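To be precise, the following lines are coords.tsv, and they hold TSV, C-alpha atoms.
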chain	number	residue	atom	x	y	z
M	187	MET	CA	0.00	0.00	0.00
M	188	SER	CA	1.27	3.46	-0.81
M	189	ILE	CA	2.31	5.81	1.97
M	190	LEU	CA	-0.52	8.12	0.92
M	191	LYS	CA	-3.03	5.36	1.65
M	192	ILE	CA	-1.38	4.68	5.00
M	193	ILE	CA	-1.50	8.35	5.99
M	194	SER	CA	-5.15	8.51	4.94
M	195	ALA	CA	-6.03	5.43	6.99
M	196	LYS	CA	-4.30	6.75	10.11
M	197	LEU	CA	-5.29	10.40	9.77
M	198	ASP	CA	-8.28	10.39	12.14
M	199	SER	CA	-6.25	8.82	14.96
M	200	MET	CA	-3.30	11.21	14.63
M	201	ALA	CA	-2.50	14.00	17.07
M	202	PRO	CA	-3.58	17.47	15.81
M	203	ALA	CA	-0.08	18.48	14.66
M	204	ASP	CA	0.48	15.21	12.80
M	205	ARG	CA	-3.00	15.37	11.31
M	206	GLN	CA	-2.31	18.82	9.88
M	207	ILE	CA	0.95	17.68	8.30
M	208	GLY	CA	-0.65	14.49	7.00
M	209	GLN	CA	-3.60	16.34	5.50
M	210	PHE	CA	-1.30	18.75	3.68
M	211	ILE	CA	0.65	15.83	2.18
M	212	LEU	CA	-2.57	14.10	1.09
M	213	ASP	CA	-3.93	17.29	-0.48
M	214	ASN	CA	-0.63	18.39	-2.05
M	215	PRO	CA	1.66	15.40	-2.65
M	216	ASP	CA	3.41	17.03	-5.62
M	217	ASP	CA	4.03	20.25	-3.70
M	218	MET	CA	5.36	18.30	-0.73
M	219	LEU	CA	8.08	16.74	-2.91
M	220	ARG	CA	9.44	20.21	-3.68
M	221	LEU	CA	9.49	21.33	-0.06
M	222	SER	CA	12.23	20.93	2.52
M	223	SER	CA	11.24	19.88	6.03
M	224	ALA	CA	11.52	23.54	7.10
M	225	ALA	CA	9.35	24.68	4.19
M	226	LEU	CA	6.71	22.04	4.92
M	227	ALA	CA	6.73	23.14	8.55
M	228	ALA	CA	6.10	26.71	7.45
M	229	GLU	CA	3.26	25.67	5.13
M	230	THR	CA	1.52	23.76	7.92
M	231	GLY	CA	2.29	26.13	10.77
M	232	ARG	CA	4.28	23.47	12.61
M	233	SER	CA	7.91	23.15	13.67
M	234	GLN	CA	10.59	21.47	11.60
M	235	SER	CA	11.08	18.89	14.36
M	236	SER	CA	7.34	18.05	14.12
M	237	VAL	CA	7.79	17.22	10.43
M	238	VAL	CA	10.78	14.97	11.17
M	239	LYS	CA	8.93	13.24	14.02
M	240	PHE	CA	5.91	12.76	11.75
M	241	SER	CA	8.16	10.92	9.29
M	242	GLN	CA	9.61	8.76	12.04
M	243	LYS	CA	6.20	7.83	13.40
M	244	LEU	CA	5.41	6.41	9.98
M	245	GLY	CA	8.50	4.21	10.20
M	246	TYR	CA	11.02	6.29	8.24
M	247	ASP	CA	14.44	7.42	9.40
M	248	GLY	CA	13.73	10.97	8.38
M	249	TYR	CA	11.89	13.38	6.13
M	250	GLN	CA	13.90	12.53	3.00
M	251	ASP	CA	12.86	8.88	3.25
M	252	LEU	CA	9.23	9.97	3.56
M	253	LYS	CA	9.58	12.14	0.45
M	254	LEU	CA	10.98	9.17	-1.46
M	255	ALA	CA	8.02	7.04	-0.37
M	256	VAL	CA	5.55	9.71	-1.48
M	257	SER	CA	7.29	10.01	-4.85
M	258	GLN	CA	6.92	6.27	-5.35
M	259	ALA	CA	3.31	6.17	-4.16
M	260	ASN	CA	1.69	6.30	-7.58
M	261	ALA	CA	3.95	3.60	-8.94
M	262	ARG	CA	3.19	1.32	-5.99
M	263	GLU	CA	-0.56	1.89	-6.03
M	264	TRP	CA	-2.68	-1.17	-6.76
M	265	SER	CA	-5.87	-0.84	-8.75
M	266	VAL	CA	-8.88	-2.99	-9.54
M	267	PRO	CA	-8.62	-4.58	-13.02
M	268	ALA	CA	-10.15	-2.59	-15.87
M	269	GLY	CA	-13.88	-3.10	-16.20
M	270	MET	CA	-14.29	-4.27	-12.58
M	271	ILE	CA	-16.82	-2.33	-10.52
M	272	HIS	CA	-15.78	-1.22	-7.04
M	273	SER	CA	-18.43	0.74	-5.22
M	274	THR	CA	-21.07	0.42	-2.51
M	275	ILE	CA	-23.59	-2.37	-3.06
M	276	GLU	CA	-27.12	-0.95	-3.15
M	277	MET	CA	-30.38	-2.70	-2.27
M	278	ASP	CA	-31.70	-2.40	-5.83
M	279	ASP	CA	-28.52	-3.57	-7.62
M	280	SER	CA	-29.02	-6.41	-10.09
M	281	PHE	CA	-27.41	-9.83	-9.60
M	282	GLY	CA	-24.66	-9.04	-12.09
M	283	VAL	CA	-23.85	-5.67	-10.53
M	284	VAL	CA	-23.71	-7.15	-7.01
M	285	LEU	CA	-21.38	-9.85	-8.28
M	286	GLN	CA	-19.07	-7.36	-9.97
M	287	LYS	CA	-18.98	-5.03	-6.97
M	288	LEU	CA	-18.32	-7.91	-4.58
M	289	ILE	CA	-15.45	-9.29	-6.65
M	290	GLY	CA	-14.01	-5.80	-7.09
M	291	SER	CA	-14.08	-5.18	-3.33
M	292	LYS	CA	-12.50	-8.54	-2.57
M	293	LEU	CA	-9.71	-8.08	-5.10
M	294	LEU	CA	-8.92	-4.57	-3.92
M	295	SER	CA	-8.87	-5.66	-0.27
M	296	ILE	CA	-6.49	-8.55	-0.96
M	297	GLN	CA	-4.20	-6.44	-3.14
M	298	GLU	CA	-4.00	-3.58	-0.66
M	299	THR	CA	-3.45	-5.98	2.25
M	300	ILE	CA	-0.43	-7.56	0.57
M	301	ALA	CA	0.89	-4.09	-0.31
M	302	ALA	CA	0.36	-2.81	3.26
M	303	ASN	CA	2.82	-5.34	4.70
M	304	ASN	CA	6.43	-4.67	3.76
M	305	GLU	CA	9.06	-7.38	3.43
M	306	VAL	CA	10.70	-6.42	6.73
M	307	GLY	CA	7.51	-6.92	8.75
M	308	ILE	CA	6.68	-10.18	6.97
M	309	GLY	CA	10.26	-11.35	7.55
M	310	LYS	CA	10.04	-10.72	11.29
M	311	ALA	CA	6.78	-12.67	11.48
M	312	LEU	CA	8.31	-15.55	9.51
M	313	ASP	CA	11.38	-15.65	11.77
M	314	ALA	CA	9.18	-15.86	14.87
M	315	LEU	CA	6.84	-18.48	13.40
M	316	ASN	CA	9.68	-20.56	12.00
M	317	ALA	CA	11.54	-20.72	15.31
M	318	ALA	CA	8.53	-21.12	17.60
M	319	PRO	CA	8.18	-24.43	19.49
M	320	ARG	CA	4.47	-23.65	19.77
M	321	VAL	CA	2.13	-21.35	17.86
M	322	HIS	CA	-1.26	-20.53	19.35
M	323	MET	CA	-4.01	-18.72	17.48
M	324	ALA	CA	-6.43	-16.15	18.86
M	325	GLY	CA	-9.50	-14.75	17.15
M	326	VAL	CA	-13.27	-14.60	17.46
M	327	GLY	CA	-16.02	-14.62	14.86
M	328	ALA	CA	-14.74	-14.63	11.27
M	329	SER	CA	-11.18	-14.16	12.56
M	330	SER	CA	-11.55	-17.48	14.38
M	331	LEU	CA	-12.26	-19.20	11.07
M	332	VAL	CA	-9.09	-17.76	9.58
M	333	ALA	CA	-7.10	-18.72	12.68
M	334	ARG	CA	-8.33	-22.30	12.38
M	335	ASP	CA	-7.40	-22.46	8.70
M	336	PHE	CA	-3.89	-21.15	9.42
M	337	SER	CA	-3.40	-23.61	12.30
M	338	TYR	CA	-4.34	-26.50	9.98
M	339	LYS	CA	-1.81	-25.31	7.40
M	340	LEU	CA	0.98	-25.13	10.00
M	341	GLN	CA	0.07	-28.60	11.27
M	342	LYS	CA	0.51	-29.93	7.72
M	343	LEU	CA	4.13	-28.81	7.97
M	344	GLY	CA	4.60	-30.84	11.15
M	345	ARG	CA	4.51	-27.79	13.40
M	346	TYR	CA	2.73	-27.46	16.72
M	347	ALA	CA	-0.15	-25.08	16.11
M	348	PHE	CA	-3.21	-24.81	18.31
M	349	HIS	CA	-6.57	-23.13	17.89
M	350	ASP	CA	-9.94	-23.51	19.54
M	351	SER	CA	-13.00	-21.47	18.64
M	352	ASP	CA	-13.86	-21.02	22.33
M	353	SER	CA	-12.11	-17.90	23.61
M	354	HIS	CA	-12.04	-19.36	27.13
M	355	VAL	CA	-10.03	-22.31	25.81
M	356	GLN	CA	-7.78	-19.91	23.93
M	357	MET	CA	-7.11	-18.03	27.16
M	358	GLY	CA	-6.41	-21.22	29.09
M	359	SER	CA	-3.99	-22.55	26.49
M	360	VAL	CA	-2.10	-19.27	26.30
M	361	SER	CA	-1.39	-19.44	30.03
M	362	ALA	CA	1.07	-22.25	29.26
M	363	LEU	CA	3.08	-20.28	26.68
M	364	GLY	CA	6.59	-19.05	27.33
M	365	THR	CA	9.60	-17.39	25.74
M	366	GLY	CA	10.01	-18.39	22.10
M	367	ASP	CA	6.37	-19.39	21.67
M	368	VAL	CA	4.12	-17.32	19.43
M	369	LEU	CA	0.59	-16.04	19.76
M	370	PHE	CA	-0.87	-15.17	16.37
M	371	ALA	CA	-3.79	-12.83	17.13
M	372	LEU	CA	-6.31	-11.81	14.48
M	373	SER	CA	-8.83	-8.99	14.89
M	374	TYR	CA	-9.58	-6.62	12.05
M	375	SER	CA	-10.79	-3.88	14.39
M	376	GLY	CA	-8.08	-4.62	16.95
M	377	THR	CA	-10.67	-4.02	19.67
M	378	SER	CA	-12.11	-7.52	20.24
M	379	ILE	CA	-11.95	-7.75	24.02
M	380	GLU	CA	-11.38	-11.52	24.10
M	381	THR	CA	-8.49	-11.41	21.64
M	382	LEU	CA	-6.98	-8.39	23.38
M	383	ARG	CA	-7.01	-10.05	26.81
M	384	ILE	CA	-5.53	-13.25	25.36
M	385	ALA	CA	-2.74	-11.22	23.72
M	386	GLU	CA	-2.04	-9.38	26.95
M	387	LEU	CA	-1.68	-12.68	28.83
M	388	ALA	CA	0.58	-14.11	26.13
M	389	ALA	CA	2.81	-11.05	26.33
M	390	LYS	CA	2.94	-11.35	30.11
M	391	ARG	CA	4.01	-15.00	29.74
M	392	GLY	CA	6.93	-13.92	27.53
M	393	ALA	CA	5.54	-15.20	24.22
M	394	THR	CA	5.99	-13.24	21.00
M	395	VAL	CA	2.69	-11.66	19.97
M	396	ILE	CA	1.97	-11.18	16.26
M	397	SER	CA	-1.10	-9.05	15.60
M	398	VAL	CA	-3.13	-8.92	12.39
M	399	THR	CA	-5.32	-5.81	12.47
M	400	ARG	CA	-6.42	-2.83	10.42
M	401	LEU	CA	-3.96	0.02	9.84
M	402	GLN	CA	-5.67	2.46	12.18
M	403	GLU	CA	-4.31	2.69	15.72
M	404	ASN	CA	-5.92	0.05	17.94
M	405	PRO	CA	-5.34	-1.66	21.32
M	406	LEU	CA	-4.27	-5.04	19.95
M	407	MET	CA	-1.43	-3.69	17.80
M	408	ASN	CA	-0.11	-1.85	20.86
M	409	VAL	CA	0.29	-5.17	22.70
M	410	ALA	CA	2.04	-6.88	19.78
M	411	ASP	CA	5.76	-7.37	19.21
M	412	ILE	CA	5.19	-7.75	15.47
M	413	ARG	CA	2.41	-5.97	13.61
M	414	LEU	CA	0.82	-7.18	10.38
M	415	TYR	CA	-2.06	-5.41	8.67
M	416	THR	CA	-5.21	-6.09	6.69
M	417	VAL	CA	-7.11	-3.58	4.59
M	418	ALA	CA	-10.85	-3.94	4.07
M	419	ASP	CA	-13.84	-1.77	3.25
M	420	GLU	CA	-16.81	-3.52	4.81
M	421	GLU	CA	-19.16	-0.63	4.01
M	422	ARG	CA	-18.94	-1.46	0.33
M	423	ALA	CA	-20.22	-5.00	0.93
M	424	ARG	CA	-22.61	-4.00	3.74
M	425	SER	CA	-22.09	-7.31	5.47
M	426	SER	CA	-19.89	-8.29	8.35
M	427	ALA	CA	-16.31	-9.45	7.74
M	428	ILE	CA	-16.60	-10.31	4.04
M	429	THR	CA	-13.56	-8.47	2.72
M	430	ALA	CA	-11.73	-8.51	6.07
M	431	ARG	CA	-11.88	-12.29	6.15
M	432	ASP	CA	-10.53	-12.57	2.60
M	433	ALA	CA	-7.74	-10.13	3.44
M	434	GLN	CA	-6.75	-12.19	6.50
M	435	LEU	CA	-6.81	-15.41	4.48
M	436	ALA	CA	-4.61	-13.90	1.78
M	437	LEU	CA	-2.08	-12.78	4.38
M	438	THR	CA	-1.98	-16.13	6.21
M	439	ASP	CA	-1.72	-17.99	2.90
M	440	LEU	CA	1.28	-15.83	2.01
M	441	LEU	CA	2.92	-16.63	5.36
M	442	PHE	CA	2.27	-20.34	4.84
M	443	LEU	CA	3.83	-20.36	1.36
M	444	LEU	CA	6.89	-18.45	2.58
M	445	LEU	CA	7.28	-20.90	5.48
M	446	VAL	CA	7.14	-23.78	3.00
M	447	GLN	CA	10.07	-22.18	1.18
M	448	ARG	CA	12.05	-22.03	4.43
M	449	GLN	CA	11.40	-25.65	5.43
M	450	PRO	CA	13.51	-28.17	3.46
M	451	ASP	CA	11.20	-31.12	4.20
M	452	ALA	CA	7.94	-29.19	3.74
M	453	ASN	CA	6.98	-31.09	0.59
M	454	ASP	CA	7.38	-34.39	2.41
M	455	TYR	CA	5.03	-33.26	5.17
M	456	VAL	CA	2.44	-31.95	2.70
M	457	HIS	CA	2.64	-35.16	0.66
M	458	ASN	CA	2.21	-37.31	3.78
M	459	SER	CA	-0.81	-35.24	4.78
M	460	GLU	CA	-2.41	-35.65	1.38
M	461	ALA	CA	-1.70	-39.37	1.35
M	462	SER	CA	-3.25	-39.90	4.77
M	463	VAL	CA	-6.44	-38.09	3.76
M	464	ALA	CA	-6.68	-40.00	0.47
M	465	VAL	CA	-7.91	-43.14	2.24
M	466	LEU	CA	-11.04	-41.22	3.26
M	467	LYS	CA	-11.98	-40.47	-0.34
M	468	LEU	CA	-13.93	-42.68	-2.71

So that I can check it, write out the structure of this file as structure tokens.
Amino acid sequence: MSILKIISAKLDSMAPADRQIGQFILDNPDDMLRLSSAALAAETGRSQSSVVKFSQKLGYDGYQDLKLAVSQANAREWSVPAGMIHSTIEMDDSFGVVLQKLIGSKLLSIQETIAANNEVGIGKALDALNAAPRVHMAGVGASSLVARDFSYKLQKLGRYAFHDSDSHVQMGSVSALGTGDVLFALSYSGTSIETLRIAELAAKRGATVISVTRLQENPLMNVADIRLYTVADEERARSSAITARDAQLALTDLLFLLLVQRQPDANDYVHNSEASVAVLKL
């Protein structure tokens, strides 16, 4: 996802000074590229140090790195394929229009989710998952379904991965985690109280917490050691967790495939899993 999208997503949760700088960049990206940090500070009525700190809060070393990211934003922007409709589904839309809008929303959500997670963040998550003696999953509702799917995939690789749809069981299992173990916590909003409390306990036990949430500031990401993100626009589908679920699945599928690449005997495990299930088929 481009830095302009990230700034837009986080704008409402920013402090007033940061929001003013962010809004100027969103409204005038081309002008921003021609301005020094001092000049941008003057344009927004803020101090030069505020501009530098704004850049650092977004994960950059300084203002010049932010400018480079803004200059690349258009090139990095994903778009829905030509001819695909992406807009709010209305009650009187025809079958074909609903289908096109739904597919457009799903594609955009998946594409932006993959773009929102840089290689460094994905690499940290892979390192933790790859080295973990135990991986426990946390999530409720649709996030629980994604957590279960990811746990099954990790089990196919011969790894210890645990998930139960009951949040009480999730909490109980997490109490046994320790240093080196991983809690993989999914909540698009980042405010699910069950998942948040489970993550807090895992952190207290010394486990590494990986959160999968929206980009906007939220309680769950603040507990996590490693933050991954999903991008979804549920308003366009007008139904709970449709695009968020697909975004989470795309991200966990990516992690699974990258773990397969890291594990020399992964193909053997997957083959053995397929062979064992074959006896149950006609």

Point (-4.2, 13.7, 3.0) neighbourhood (8 Å, all atoms listed in the file) written as JSON, numbers by chain: {"M": [190, 193, 194, 197, 208, 209, 210, 211, 212, 213, 214]}

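For the choices M:Asp367, M:Asp451, M:Asp335, M:Asp216, the atom-to-atom distance to Leu437 of chain M is smallest for M:Asp335 when using all atoms listed in the file.
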
Answer as an MDAnalysis selection string, residues within 12 Å of (-7.7, -24.3, 18.1) using all atoms listed in the file: chainID M and resid 321:326 330:338 340:341 346:360 369:370

What is the atom CA of Leu293 of chain M to atom CA of Asp313 of chain M distance in Å? 28.0 Å

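Among the candidates M:Leu441, M:Leu372, M:Leu244, M:Ile207, the residue lying nearest to Glu229 of chain M is M:Ile207 (atoms considered: all atoms listed in the file).
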
Neighbour list for segment 198-203 of chain M as a PDB file with C-alpha atoms, in the frame of the given file, cut-off 9 Å, only C-alpha atoms, skip fewer than 5 positions in-chain:
ATOM      1  CA  GLY M 208      -0.650  14.490   7.000  1.00  0.00           C
ATOM      2  CA  THR M 230       1.520  23.760   7.920  1.00  0.00           C
ATOM      3  CA  GLY M 231       2.290  26.130  10.770  1.00  0.00           C
ATOM      4  CA  ARG M 232       4.280  23.470  12.610  1.00  0.00           C
ATOM      5  CA  SER M 236       7.340  18.050  14.120  1.00  0.00           C
ATOM      6  CA  PHE M 240       5.910  12.760  11.750  1.00  0.00           C
ATOM      7  CA  GLN M 402      -5.670   2.460  12.180  1.00  0.00           C
ATOM      8  CA  GLU M 403      -4.310   2.690  15.720  1.00  0.00           C
TER       9      GLU M 403
END

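The list of residues with at least one atom within 8 Å of segment 303-310 of chain M, based on all atoms listed in the file and without residues fewer than 4 positions apart in the same chain, reads Met187, Thr299, Ala314, Ile412, Arg413, Leu414, Tyr415 and Leu441 of chain M.
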
Here atom CA of Met218 of chain M and atom CA of Ile300 of chain M stand apart by 26.5 Å

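Computed from the coordinates, the atom CA of His457 of chain M to atom CA of Arg431 of chain M distance equals 27.6 Å.
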
Output as CSV one row per residue of segment 237-349 of chain M within 9 Å of segment 442-449 of chain M: the closest atom pair and its distance in Å to one decimal place, counting all atoms listed in the file, sorted by chain and residue number ascending.
residue,atom,partner,partner_atom,distance
M:Leu312,CA,M:Leu445,CA,6.8
M:Leu315,CA,M:Leu445,CA,8.3
M:Asn316,CA,M:Leu445,CA,7.0
M:Phe336,CA,M:Phe442,CA,7.7
M:Lys339,CA,M:Phe442,CA,6.9
M:Leu340,CA,M:Phe442,CA,7.2
M:Leu343,CA,M:Val446,CA,7.7

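The residue that comes closest to Ala410 of chain M, out of M:Thr438, M:Thr381, M:Asp279, M:Gly344 and on the basis of all atoms listed in the file, is M:Thr381.
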